[in-house]
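**Student:** Okay, so here is structure_11.tsv, and as you'll see once you scroll down, it has TSV, C-alpha atoms.
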chain	number	residue	atom	x	y	z
A	182	MET	CA	-20.90	15.64	37.06
A	183	ASN	CA	-21.12	12.26	35.40
A	184	LYS	CA	-24.26	10.21	35.82
A	185	LYS	CA	-23.91	6.97	37.78
A	186	VAL	CA	-25.34	3.62	36.75
A	187	LYS	CA	-25.39	0.19	38.39
A	188	SER	CA	-24.98	-3.03	36.41
A	189	GLN	CA	-28.00	-5.30	36.24
A	190	PRO	CA	-27.98	-9.12	36.40
A	191	ASN	CA	-26.17	-10.76	33.43
A	192	GLN	CA	-24.91	-7.43	32.07
A	193	SER	CA	-21.48	-7.00	30.52
A	194	VAL	CA	-19.82	-3.60	30.20
A	195	LEU	CA	-20.85	-3.47	26.53
A	196	ASP	CA	-24.45	-4.16	27.54
A	197	ILE	CA	-24.29	-1.08	29.83
A	198	VAL	CA	-22.77	1.00	27.02
A	199	LEU	CA	-25.53	0.02	24.59
A	200	SER	CA	-28.21	0.74	27.20
A	201	GLU	CA	-26.84	4.22	27.95
A	202	TYR	CA	-25.65	5.37	24.51
A	203	GLY	CA	-27.22	3.05	21.95
A	204	THR	CA	-23.85	2.52	20.18
A	205	LEU	CA	-20.72	0.43	20.65
A	206	GLU	CA	-18.59	3.39	19.53
A	207	ALA	CA	-19.09	4.92	23.01
A	208	GLY	CA	-17.48	1.90	24.62
A	209	MET	CA	-13.89	3.15	24.53
A	210	GLN	CA	-14.78	6.47	26.22
A	211	PHE	CA	-16.83	4.64	28.85
A	212	ALA	CA	-13.93	2.24	29.55
A	213	LEU	CA	-11.40	5.08	29.83
A	214	ILE	CA	-13.52	7.10	32.30
A	215	ASN	CA	-14.12	4.02	34.47
A	216	ASP	CA	-10.56	2.63	34.02
A	217	ILE	CA	-11.75	-0.86	33.07
A	218	PRO	CA	-11.31	-3.15	30.05
A	219	LEU	CA	-14.22	-3.35	27.64
A	220	SER	CA	-14.27	-7.11	28.22
A	221	THR	CA	-15.13	-6.65	31.91
A	222	LEU	CA	-17.99	-8.81	33.23
A	223	PRO	CA	-19.15	-6.84	36.29
A	224	ALA	CA	-20.82	-8.21	39.37
A	225	THR	CA	-24.48	-7.27	39.74
A	226	GLY	CA	-24.77	-3.82	41.32
A	227	ALA	CA	-21.31	-2.58	40.34
A	228	GLU	CA	-21.40	1.19	39.91
A	229	TYR	CA	-19.97	3.04	36.91
A	230	SER	CA	-19.75	6.63	35.70
A	231	VAL	CA	-21.64	7.50	32.52
A	232	PRO	CA	-19.75	10.40	30.91
A	233	LEU	CA	-21.44	12.96	28.72
A	234	LEU	CA	-20.37	12.30	25.13
A	235	SER	CA	-20.87	14.07	21.82
A	236	VAL	CA	-23.77	13.10	19.59
A	237	ASN	CA	-21.32	11.18	17.39
A	238	TYR	CA	-21.28	8.46	20.05
A	239	ILE	CA	-25.03	8.40	20.76
A	240	ASP	CA	-27.98	6.78	19.02
A	241	ALA	CA	-30.82	8.49	20.87
A	242	ALA	CA	-33.52	6.53	19.06
A	243	THR	CA	-32.11	3.21	20.25
A	244	VAL	CA	-31.75	4.45	23.83
A	245	ASP	CA	-35.29	5.80	23.78
A	246	GLN	CA	-36.69	2.53	22.41
A	247	LEU	CA	-34.92	0.47	25.08
A	248	ARG	CA	-36.14	2.72	27.90
A	249	LYS	CA	-39.68	3.04	26.55
A	250	ASN	CA	-40.09	-0.72	26.54
A	251	ASN	CA	-38.08	-1.15	29.75
A	252	ASN	CA	-35.70	-3.52	27.93
A	253	ARG	CA	-32.58	-4.68	29.77
A	254	ILE	CA	-29.70	-6.01	27.69
A	255	GLY	CA	-28.00	-8.90	29.50
A	256	THR	CA	-25.66	-11.03	27.40
A	257	LYS	CA	-23.03	-11.96	30.01
A	258	GLY	CA	-24.20	-15.56	30.14
A	259	VAL	CA	-24.47	-15.92	26.37
A	260	VAL	CA	-21.56	-17.77	24.76
A	261	PRO	CA	-21.19	-16.87	21.08
A	262	PRO	CA	-20.81	-19.66	18.52
A	263	LEU	CA	-17.33	-20.66	17.40
A	264	THR	CA	-16.07	-19.56	14.00
A	265	CYS	CA	-13.79	-21.31	11.51
A	266	VAL	CA	-11.17	-19.26	9.66
A	267	ILE	CA	-8.50	-20.26	7.15
A	268	THR	CA	-5.35	-18.75	8.63
A	269	LEU	CA	-2.69	-20.04	6.20
A	270	LYS	CA	-3.19	-21.29	2.65
A	271	PRO	CA	-0.15	-21.06	0.34
A	272	VAL	CA	-1.45	-20.86	-3.22
A	273	MET	CA	1.45	-20.59	-5.68
A	274	GLU	CA	2.18	-20.63	-9.39
A	275	VAL	CA	5.32	-21.17	-11.51
A	276	ILE	CA	6.46	-18.33	-13.76
A	277	PRO	CA	9.48	-18.74	-16.11
A	278	ASN	CA	11.90	-15.82	-15.73
A	279	VAL	CA	14.19	-16.50	-18.70
A	280	ALA	CA	13.75	-17.28	-22.41
A	281	GLY	CA	15.53	-19.87	-24.48
A	282	ALA	CA	15.60	-23.62	-25.03
A	283	PRO	CA	16.98	-25.33	-21.89
A	284	HIS	CA	19.17	-27.72	-23.91
A	285	THR	CA	20.75	-24.69	-25.61
A	286	ILE	CA	21.26	-22.31	-22.69
A	287	GLY	CA	21.85	-25.20	-20.29
A	288	TYR	CA	19.17	-24.60	-17.66
A	289	TYR	CA	15.59	-23.87	-16.70
A	290	SER	CA	14.84	-20.78	-14.62
A	291	TYR	CA	11.56	-19.89	-12.95
A	292	ASP	CA	9.96	-18.35	-9.86
A	293	PHE	CA	7.47	-19.84	-7.45
A	294	LYS	CA	5.13	-16.92	-6.85
A	295	ALA	CA	2.09	-16.48	-4.62
A	296	THR	CA	-1.23	-15.92	-6.38
A	297	GLY	CA	-3.99	-13.63	-5.18
A	298	ASP	CA	-5.59	-16.62	-3.43
A	299	PHE	CA	-2.69	-16.91	-0.98
A	300	VAL	CA	-4.04	-16.53	2.58
A	301	ASN	CA	-2.06	-15.59	5.68
A	302	VAL	CA	-4.01	-14.04	8.52
A	303	PHE	CA	-0.90	-13.66	10.68
A	304	GLU	CA	2.44	-12.17	9.63
A	305	LEU	CA	4.85	-14.65	8.07
A	306	LEU	CA	8.23	-15.42	9.59
A	307	PRO	CA	11.09	-13.54	7.92
A	308	ALA	CA	12.80	-16.61	6.43
A	309	TYR	CA	11.92	-19.95	4.89
A	310	PRO	CA	12.52	-22.88	7.24
A	311	GLY	CA	15.02	-25.26	5.61
A	312	ASP	CA	16.32	-25.53	2.07
A	313	ASN	CA	13.15	-26.19	0.05
A	314	ILE	CA	15.07	-28.51	-2.24
A	315	VAL	CA	13.33	-29.79	-5.37
A	316	LYS	CA	14.09	-32.90	-7.41
A	317	TYR	CA	13.97	-32.95	-11.18
A	318	LEU	CA	14.43	-35.33	-14.11
A	319	THR	CA	12.99	-35.77	-17.58
A	320	GLU	CA	9.97	-38.03	-17.77
A	321	GLU	CA	11.79	-40.47	-20.03
A	322	LEU	CA	14.74	-40.93	-17.68
A	323	TYR	CA	12.42	-41.15	-14.66
A	324	VAL	CA	10.50	-44.02	-16.28
A	325	PHE	CA	13.80	-45.82	-16.93
A	326	GLY	CA	14.77	-45.50	-13.27
A	327	TYR	CA	17.49	-42.83	-13.38
A	328	VAL	CA	18.37	-41.06	-10.13
A	329	PRO	CA	16.93	-37.50	-10.12
A	330	GLU	CA	18.95	-34.33	-9.70
A	331	ALA	CA	18.35	-32.04	-6.72
A	332	SER	CA	18.45	-28.27	-6.44
A	333	PRO	CA	17.91	-25.69	-3.67
A	334	PRO	CA	16.47	-22.23	-4.42
A	335	ASP	CA	18.70	-20.01	-6.52
A	336	ALA	CA	18.79	-17.29	-3.87
A	337	VAL	CA	17.96	-16.69	-0.24
A	338	THR	CA	14.54	-15.06	-0.34
A	339	SER	CA	12.63	-13.27	2.39
A	340	MET	CA	9.55	-15.27	3.26
A	341	PRO	CA	7.06	-12.38	3.16
A	342	VAL	CA	8.01	-11.78	-0.48
A	343	LYS	CA	6.32	-15.12	-1.22
A	344	SER	CA	8.50	-15.69	-4.28
A	345	ILE	CA	11.26	-18.29	-4.68
A	346	PRO	CA	13.63	-18.40	-7.69
A	347	TYR	CA	14.91	-21.76	-8.95
A	348	VAL	CA	17.54	-22.61	-11.57
A	349	LEU	CA	17.67	-26.24	-12.75
A	350	ALA	CA	20.49	-27.58	-14.90
A	351	TRP	CA	19.40	-29.17	-18.16
A	352	THR	CA	19.17	-32.95	-17.91
A	353	THR	CA	19.50	-34.91	-21.14
A	354	GLY	CA	16.34	-36.71	-22.19
A	355	LEU	CA	13.54	-36.52	-24.72
A	356	GLY	CA	10.59	-36.38	-22.32
A	357	TYR	CA	9.19	-33.41	-20.45
A	358	MET	CA	11.13	-32.19	-17.43
A	359	MET	CA	9.42	-33.11	-14.16
A	360	VAL	CA	10.09	-31.12	-10.97
A	361	TRP	CA	8.82	-32.25	-7.58
A	362	SER	CA	9.35	-32.25	-3.84
A	363	ASP	CA	10.49	-35.12	-1.66
A	364	LEU	CA	7.42	-35.51	0.56
A	365	ALA	CA	9.50	-37.48	3.08
A	366	ALA	CA	11.70	-34.42	3.67
A	367	PRO	CA	10.89	-32.28	6.73
A	368	VAL	CA	10.53	-29.15	4.57
A	369	LYS	CA	8.56	-29.37	1.33
A	370	THR	CA	9.10	-27.33	-1.84
A	371	VAL	CA	7.38	-24.18	-0.62
A	372	THR	CA	6.82	-24.20	3.14
A	373	PHE	CA	5.48	-21.19	5.00
A	374	ARG	CA	5.36	-20.61	8.74
A	375	ASP	CA	3.67	-17.66	10.41
A	376	VAL	CA	4.46	-15.87	13.67
A	377	MET	CA	1.85	-17.98	15.47
A	378	GLY	CA	3.73	-21.16	14.56
A	379	ASN	CA	1.25	-22.34	11.94
A	380	GLU	CA	2.89	-24.11	9.00
A	381	ALA	CA	1.56	-25.07	5.58
A	382	TYR	CA	3.16	-26.02	2.30
A	383	VAL	CA	2.53	-26.61	-1.37
A	384	ALA	CA	4.57	-29.26	-3.18
A	385	PRO	CA	3.35	-29.53	-6.78
A	386	LEU	CA	4.48	-31.84	-9.53
A	387	ILE	CA	5.60	-29.42	-12.25
A	388	VAL	CA	6.01	-30.47	-15.88
A	389	LEU	CA	8.23	-28.21	-18.01
A	390	ASP	CA	8.56	-28.23	-21.77
A	391	ASN	CA	11.70	-29.93	-23.09
A	392	VAL	CA	12.37	-27.32	-25.78
A	393	SER	CA	11.38	-24.11	-24.01
A	394	GLN	CA	10.90	-22.63	-20.54
A	395	ALA	CA	7.12	-23.13	-20.76
A	396	VAL	CA	5.23	-24.68	-17.84
A	397	ILE	CA	3.04	-27.42	-19.31
A	398	GLU	CA	1.47	-28.63	-16.07
A	399	TYR	CA	1.25	-27.42	-12.48
A	400	LEU	CA	-0.18	-30.46	-10.75
A	401	ALA	CA	-1.52	-30.08	-7.23
A	402	ALA	CA	-4.89	-30.48	-5.56
A	403	ASN	CA	-6.86	-27.68	-3.95
A	404	MET	CA	-9.18	-27.55	-0.94
A	405	GLU	CA	-12.14	-25.38	-0.05
A	406	VAL	CA	-13.75	-25.13	3.38
A	407	GLU	CA	-17.35	-24.09	4.04
A	408	THR	CA	-18.94	-23.65	7.47
A	409	VAL	CA	-22.14	-25.70	7.73
A	410	SER	CA	-23.11	-24.88	11.33
A	411	ALA	CA	-21.61	-23.66	14.58
A	412	THR	CA	-22.34	-23.79	18.29
A	413	SER	CA	-20.44	-22.54	21.32
A	414	ASN	CA	-18.64	-25.91	21.44
A	415	VAL	CA	-17.98	-27.07	17.87
A	416	VAL	CA	-17.99	-25.98	14.24
A	417	THR	CA	-19.18	-28.27	11.47
A	418	VAL	CA	-17.48	-27.70	8.13
A	419	ARG	CA	-17.59	-29.18	4.67
A	420	VAL	CA	-14.13	-29.77	3.16
A	421	VAL	CA	-13.96	-30.29	-0.61
A	422	ARG	CA	-10.83	-31.35	-2.49
A	423	SER	CA	-10.47	-30.88	-6.22
A	424	HIS	CA	-7.92	-31.04	-9.01
A	425	THR	CA	-7.61	-28.90	-12.10
A	426	SER	CA	-7.87	-30.52	-15.53
A	427	ILE	CA	-4.69	-32.13	-16.83
A	428	PHE	CA	-3.30	-31.36	-20.28
A	429	ILE	CA	-0.82	-34.24	-20.75
A	430	ASP	CA	-2.41	-37.68	-21.03
A	431	ASP	CA	0.47	-39.33	-19.16
A	432	PHE	CA	-0.66	-37.74	-15.88
A	433	GLU	CA	-4.43	-37.79	-16.27
A	434	HIS	CA	-4.83	-40.87	-14.06
A	435	TYR	CA	-4.56	-39.68	-10.49
A	436	THR	CA	-5.74	-40.54	-6.98
A	437	MET	CA	-6.28	-38.00	-4.21
A	438	GLU	CA	-6.02	-38.92	-0.53
A	439	TRP	CA	-6.47	-36.88	2.65
A	440	LEU	CA	-3.18	-36.17	4.39
A	441	ASP	CA	-4.08	-35.15	7.91
A	442	ALA	CA	-5.56	-37.28	10.65
A	443	ALA	CA	-8.00	-34.46	11.39
A	444	ILE	CA	-9.93	-35.38	8.24
A	445	THR	CA	-11.75	-38.33	9.77
A	446	GLY	CA	-15.23	-37.01	9.30
A	447	THR	CA	-18.32	-38.36	7.63
A	448	PRO	CA	-19.54	-38.32	4.02
A	449	ASP	CA	-21.43	-35.24	2.91
A	450	PRO	CA	-25.14	-36.14	3.31
A	451	ASP	CA	-25.88	-34.04	0.21
A	452	ASP	CA	-23.36	-36.07	-1.83
A	453	PRO	CA	-22.64	-39.24	0.20
A	454	LEU	CA	-20.87	-41.23	-2.53
A	455	ASN	CA	-18.38	-38.47	-3.35
A	456	PRO	CA	-14.99	-39.24	-1.67
A	457	ASP	CA	-13.83	-35.68	-2.38
A	458	LYS	CA	-16.26	-34.19	0.15
A	459	VAL	CA	-16.18	-34.74	3.88
A	460	ILE	CA	-18.03	-33.26	6.86
A	461	LEU	CA	-15.87	-32.47	9.91
A	462	THR	CA	-17.03	-31.51	13.38
A	463	LEU	CA	-14.23	-29.56	15.07
A	464	PRO	CA	-13.92	-28.16	18.60
A	465	ALA	CA	-11.80	-25.07	19.24
A	466	GLY	CA	-8.24	-25.53	18.05
A	467	ILE	CA	-5.76	-25.34	15.17
A	468	TYR	CA	-6.04	-27.87	12.35
A	469	THR	CA	-3.81	-28.66	9.40
A	470	LEU	CA	-5.64	-30.26	6.49
A	471	GLY	CA	-3.97	-31.64	3.41
A	472	VAL	CA	-4.32	-33.56	0.16
A	473	LYS	CA	-1.75	-35.81	-1.51
A	474	THR	CA	-2.20	-36.71	-5.17
A	475	THR	CA	-0.53	-39.66	-6.91
A	476	TYR	CA	-0.23	-39.67	-10.72
A	477	THR	CA	0.08	-42.85	-12.76
A	478	PHE	CA	0.52	-43.93	-16.35
A	479	PRO	CA	-1.13	-47.38	-16.24
A	480	GLY	CA	1.35	-50.13	-17.00
A	481	ILE	CA	4.26	-47.71	-17.40
A	482	ALA	CA	4.98	-45.48	-14.41
A	483	ILE	CA	3.95	-44.16	-11.01
A	484	TYR	CA	5.06	-40.53	-11.06
A	485	PRO	CA	6.11	-38.39	-8.07
A	486	PRO	CA	3.11	-37.22	-6.01
A	487	SER	CA	2.06	-33.67	-5.25
A	488	ALA	CA	0.76	-32.38	-1.93
A	489	PHE	CA	-0.87	-29.34	-0.43
A	490	THR	CA	-1.80	-28.28	3.12
A	491	MET	CA	-3.66	-25.44	4.76
A	492	VAL	CA	-4.33	-24.33	8.35
A	493	LEU	CA	-7.73	-23.71	9.96
A	494	GLU	CA	-8.39	-22.03	13.28
A	495	VAL	CA	-11.59	-22.74	15.18
A	496	ALA	CA	-12.09	-20.19	17.95
Mind converting the file's structure to structure tokens?
**Tutor:**
Amino acid sequence: MNKKVKSQPNQSVLDIVLSEYGTLEAGMQFALINDIPLSTLPATGAEYSVPLLSVNYIDAATVDQLRKNNNRIGTKGVVPPLTCVITLKPVMEVIPNVAGAPHTIGYYSYDFKATGDFVNVFELLPAYPGDNIVKYLTEELYVFGYVPEASPPDAVTSMPVKSIPYVLAWTTGLGYMMVWSDLAAPVKTVTFRDVMGNEAYVAPLIVLDNVSQAVIEYLAANMEVETVSATSNVVTVRVVRSHTSIFIDDFEHYTMEWLDAAITGTPDPDDPLNPDKVILTLPAGIYTLGVKTTYTFPGIAIYPPSAFTMVLEVA
């Protein structure tokens, strides 16, 4: 016959399990015998069966210590602090998939591929939303005001593959080939959406060699998020934006700006004059944070911008 136990004030079902077995592993067996969810918050005095379990589910030393000191675990009224998790962060790179001078073979060909830093907590939707069209033109013609070409992906690609092939026709010009996304378009170059409806994108400014398939620059900012503190109501985080070093002098002058209205925090008290660090205090919810970067060649050109977003969940 199973032992009976009554819940004490402020006890959850897991509190009862820990008191009787000393482990959380016994919780599932306890819930099955009593036909209740583990998340149950019982009224004081509710009676439950305490089944006999194998030693694999019991920490006798913990049970003995609790009983010896007459300790009662009661966490029902304790609200745990919120946590902040990055749920979607599309980190991509550009990999040429063909050899040969573009002016000879007539085109560039490359893949957008996810790096190991790509984050998606939830499963991705099975298709890219929209066309993910890129614009492209040589730097020389762009400076002289020529209208850019436009190109969709070379093939329909399953979103979970996290790889998009592009083929761009050679455009006459002596400068490097620039490839970018129209940030006014509803879908940016590489936009991902997960099954929870979260959406994030990366829209770099890519600079390709004019005599080979080589990628000279992959220009886009990055963001890192660090939890500073948390309570049951809000999480305080430090968001830091950064940009990798730039090889071509023409693009080395750049300005980063926050994209999302959620980034309306305060300067980092440890580095208050640094505009690339901000402290945010966020209640529970979903937040999209982003950085747009504008590149200039003083006195000559304002180049197409790059952009990057990521999704945080505070829960």
**Student:** I need the residue nearest A:Pro485 from this list: A:Val360, A:Val275, A:Leu233, A:Val376. Use all atoms listed in the file for the distance.
**Tutor:**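 Closest residue, counting all atoms listed in the file: A:Val360.
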**Student:** Give me the residues near A:Ser290 as a ChimeraX atom specification, where near means some atom within 7 Å (using only C-alpha atoms) and where sequence neighbours in that chain fewer than 4 positions away do not count.
**Tutor:** /A:277-279,347-349
**Student:** Have a look at atom CA of A:Glu330 and atom CA of A:His434 and let me know their distance in Å, one decimal.
**Tutor:**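 Separating atom CA of A:Glu330 from atom CA of A:His434 is a distance of 25.0 Å.
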**Student:** Give me, as a ChimeraX atom specification, all polymer residues having an atom no more than 12 Å from A:Ser410, counting only C-alpha atoms and skipping those fewer than 3 positions away in the same chain.
**Tutor:** /A:262-265,407,413-419,460-463
**Student:** Tell me, in Å to one decimal, how far atom CA of A:Ala280 is from atom CA of A:Trp361.
**Tutor:**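 Atom-to-atom, atom CA of A:Ala280 and atom CA of A:Trp361 are spaced 21.6 Å apart.
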**Student:** Between A:Tyr238, A:Glu321, A:Ala350, A:Ala224, which residue has the minimum interatomic distance to A:Phe211, considering all atoms listed in the file?
**Tutor:**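 Answer, going by the shortest atom-to-atom distance: A:Tyr238.
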**Student:** Would you be able to write out as a list in words which residues have an atom within 12 Å of (-9.8, -23.5, -3.9) in the file's coordinates, counting all atoms listed in the file?
**Tutor:**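 The residues that fall inside the cut-off are Ile267, Lys270, Pro271, Val272, Met273, Thr296, Gly297, Asp298, Phe299, Val300, Ala401, Ala402, Asn403, Met404, Glu405, Val406, Glu407, Val420, Val421, Arg422, Ser423, His424, Thr425, Phe489, Thr490 and Met491 of chain A.
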**Student:** Neighbouring residues of stretch 467-471 of chain A were defined as those with any atom within 9 Å, considering only C-alpha atoms; residues of the same chain fewer than 2 positions away were excluded. Please report them as a list in words.
**Tutor:**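 Residues near the query, excluding close chain neighbours: Asn379, Glu380, Ala381, Asn403, Met404, Glu438, Trp439, Leu440, Asp441, Ala442, Ala443, Ile444, Leu463, Ala465, Lys473, Ala488, Phe489, Thr490, Met491, Val492, Leu493, Glu494, Val495 and Ala496 of chain A.
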**Student:** Please determine, counting all atoms listed in the file, which residue among A:Ile217, A:Leu247, A:Ala295, A:Val409 has the shortest atom-to-atom distance to A:Gly203.
**Tutor:**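 Of A:Ile217, A:Leu247, A:Ala295, A:Val409, the one nearest A:Gly203, counting all atoms listed in the file, is A:Leu247.
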**Student:** One number please: atom CA of A:Ser193 to atom CA of A:Pro218, in Å, one decimal.
**Tutor:** 10.9 Å
**Student:** Do you know which residues are at most 7 Å from stretch 250-256 of chain A counting all atoms listed in the file, after dropping those on the same chain fewer than 5 positions away, and could you put them as a list in words?
**Tutor:**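 In the requested form, the answer reads Pro190, Asn191, Gln192, Ser193, Asp196 and Ser200 of chain A.
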**Student:** For the selection you just gave me, I'd like the residues written to a file as a compact mmCIF listing (two decimals), in the coordinates of the input, keeping C-alpha atoms.
**Tutor:**
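Here's the written file out-v3.txt:
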# COMPACT_ATOMS: atom_id res chain seq x y z
CA PRO A 190 -27.98 -9.12 36.40
CA ASN A 191 -26.17 -10.76 33.43
CA GLN A 192 -24.91 -7.43 32.07
CA SER A 193 -21.48 -7.00 30.52
CA ASP A 196 -24.45 -4.16 27.54
CA SER A 200 -28.21 0.74 27.20
**Student:** Could you pull the residues within 10 Å of A:Glu433, counting all atoms listed in the file, minus those fewer than 3 positions along the same chain, as a short mmCIF file (atom, residue, chain, number, x, y, z; two decimals) with C-alpha atoms, in the frame of the given file?
**Tutor:**
data_model
loop_
_atom_site.label_atom_id
_atom_site.label_comp_id
_atom_site.auth_asym_id
_atom_site.auth_seq_id
_atom_site.Cartn_x
_atom_site.Cartn_y
_atom_site.Cartn_z
CA SER A 426 -7.87 -30.52 -15.53
CA ILE A 427 -4.69 -32.13 -16.83
CA PHE A 428 -3.30 -31.36 -20.28
CA ILE A 429 -0.82 -34.24 -20.75
CA ASP A 430 -2.41 -37.68 -21.03
CA THR A 436 -5.74 -40.54 -6.98
CA TYR A 476 -0.23 -39.67 -10.72
CA THR A 477 0.08 -42.85 -12.76
CA PHE A 478 0.52 -43.93 -16.35
#
**Student:** Which is closest to A:Lys343 among A:Leu306, A:Met358, A:Ala411, A:Ile483, if we use only C-alpha atoms?
**Tutor:**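 Using only C-alpha atoms, A:Lys343 sits closest to A:Leu306.
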**Student:** Go through A:Ile314, A:Ile387, A:Leu322, A:Ala241 and flag the residue nearest A:Pro334, using all atoms listed in the file for the distances.
**Tutor:**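 The answer is A:Ile314, which sits nearest to A:Pro334.
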**Student:** Counting only C-alpha atoms, which of A:Ala331, A:Val388, A:Val198, A:Met209 gets nearest to A:Tyr357?
**Tutor:**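 So, comparing all the options, the nearest one is A:Val388.
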**Student:** Can you give me N, CA and C atoms for stretch 404-424 of chain A, written as a compact mmCIF listing (two decimals), keeping the file's coordinate frame?
**Tutor:**
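Generated file (part.txt):
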# COMPACT_ATOMS: atom_id res chain seq x y z
N MET A 404 -8.14 -27.28 -1.93
CA MET A 404 -9.18 -27.55 -0.94
C MET A 404 -9.98 -26.29 -0.66
N GLU A 405 -11.27 -26.46 -0.46
CA GLU A 405 -12.14 -25.38 -0.05
C GLU A 405 -12.87 -25.80 1.22
N VAL A 406 -13.09 -24.85 2.12
CA VAL A 406 -13.75 -25.13 3.38
C VAL A 406 -14.97 -24.23 3.53
N GLU A 407 -16.10 -24.83 3.87
CA GLU A 407 -17.35 -24.09 4.04
C GLU A 407 -17.95 -24.42 5.40
N THR A 408 -18.31 -23.42 6.18
CA THR A 408 -18.94 -23.65 7.47
C THR A 408 -20.40 -24.06 7.26
N VAL A 409 -20.77 -25.19 7.84
CA VAL A 409 -22.14 -25.70 7.73
C VAL A 409 -22.97 -25.22 8.92
N SER A 410 -22.41 -25.32 10.13
CA SER A 410 -23.11 -24.88 11.33
C SER A 410 -22.09 -24.65 12.43
N ALA A 411 -22.51 -23.95 13.47
CA ALA A 411 -21.61 -23.66 14.58
C ALA A 411 -22.40 -23.52 15.87
N THR A 412 -21.79 -23.99 16.96
CA THR A 412 -22.34 -23.79 18.29
C THR A 412 -21.22 -23.20 19.15
N SER A 413 -21.47 -23.05 20.43
CA SER A 413 -20.44 -22.54 21.32
C SER A 413 -19.36 -23.59 21.59
N ASN A 414 -19.59 -24.83 21.16
CA ASN A 414 -18.64 -25.91 21.44
C ASN A 414 -17.91 -26.43 20.20
N VAL A 415 -18.58 -26.48 19.07
CA VAL A 415 -17.98 -27.07 17.87
C VAL A 415 -18.42 -26.30 16.62
N VAL A 416 -17.63 -26.48 15.56
CA VAL A 416 -17.99 -25.98 14.24
C VAL A 416 -18.06 -27.18 13.30
N THR A 417 -19.07 -27.23 12.49
CA THR A 417 -19.18 -28.27 11.47
C THR A 417 -18.86 -27.65 10.12
N VAL A 418 -17.91 -28.24 9.41
CA VAL A 418 -17.48 -27.70 8.13
C VAL A 418 -17.54 -28.77 7.06
N ARG A 419 -17.68 -28.30 5.83
CA ARG A 419 -17.59 -29.18 4.67
C ARG A 419 -16.25 -28.90 3.99
N VAL A 420 -15.42 -29.92 3.83
CA VAL A 420 -14.13 -29.77 3.16
C VAL A 420 -14.23 -30.47 1.80
N VAL A 421 -13.88 -29.75 0.75
CA VAL A 421 -13.96 -30.29 -0.61
C VAL A 421 -12.58 -30.21 -1.25
N ARG A 422 -12.11 -31.33 -1.75
CA ARG A 422 -10.83 -31.35 -2.49
C ARG A 422 -11.13 -31.45 -3.98
N SER A 423 -10.27 -30.87 -4.77
CA SER A 423 -10.47 -30.88 -6.22
C SER A 423 -9.13 -30.81 -6.93
N HIS A 424 -9.14 -31.10 -8.21
CA HIS A 424 -7.92 -31.04 -9.01
C HIS A 424 -8.26 -30.41 -10.34
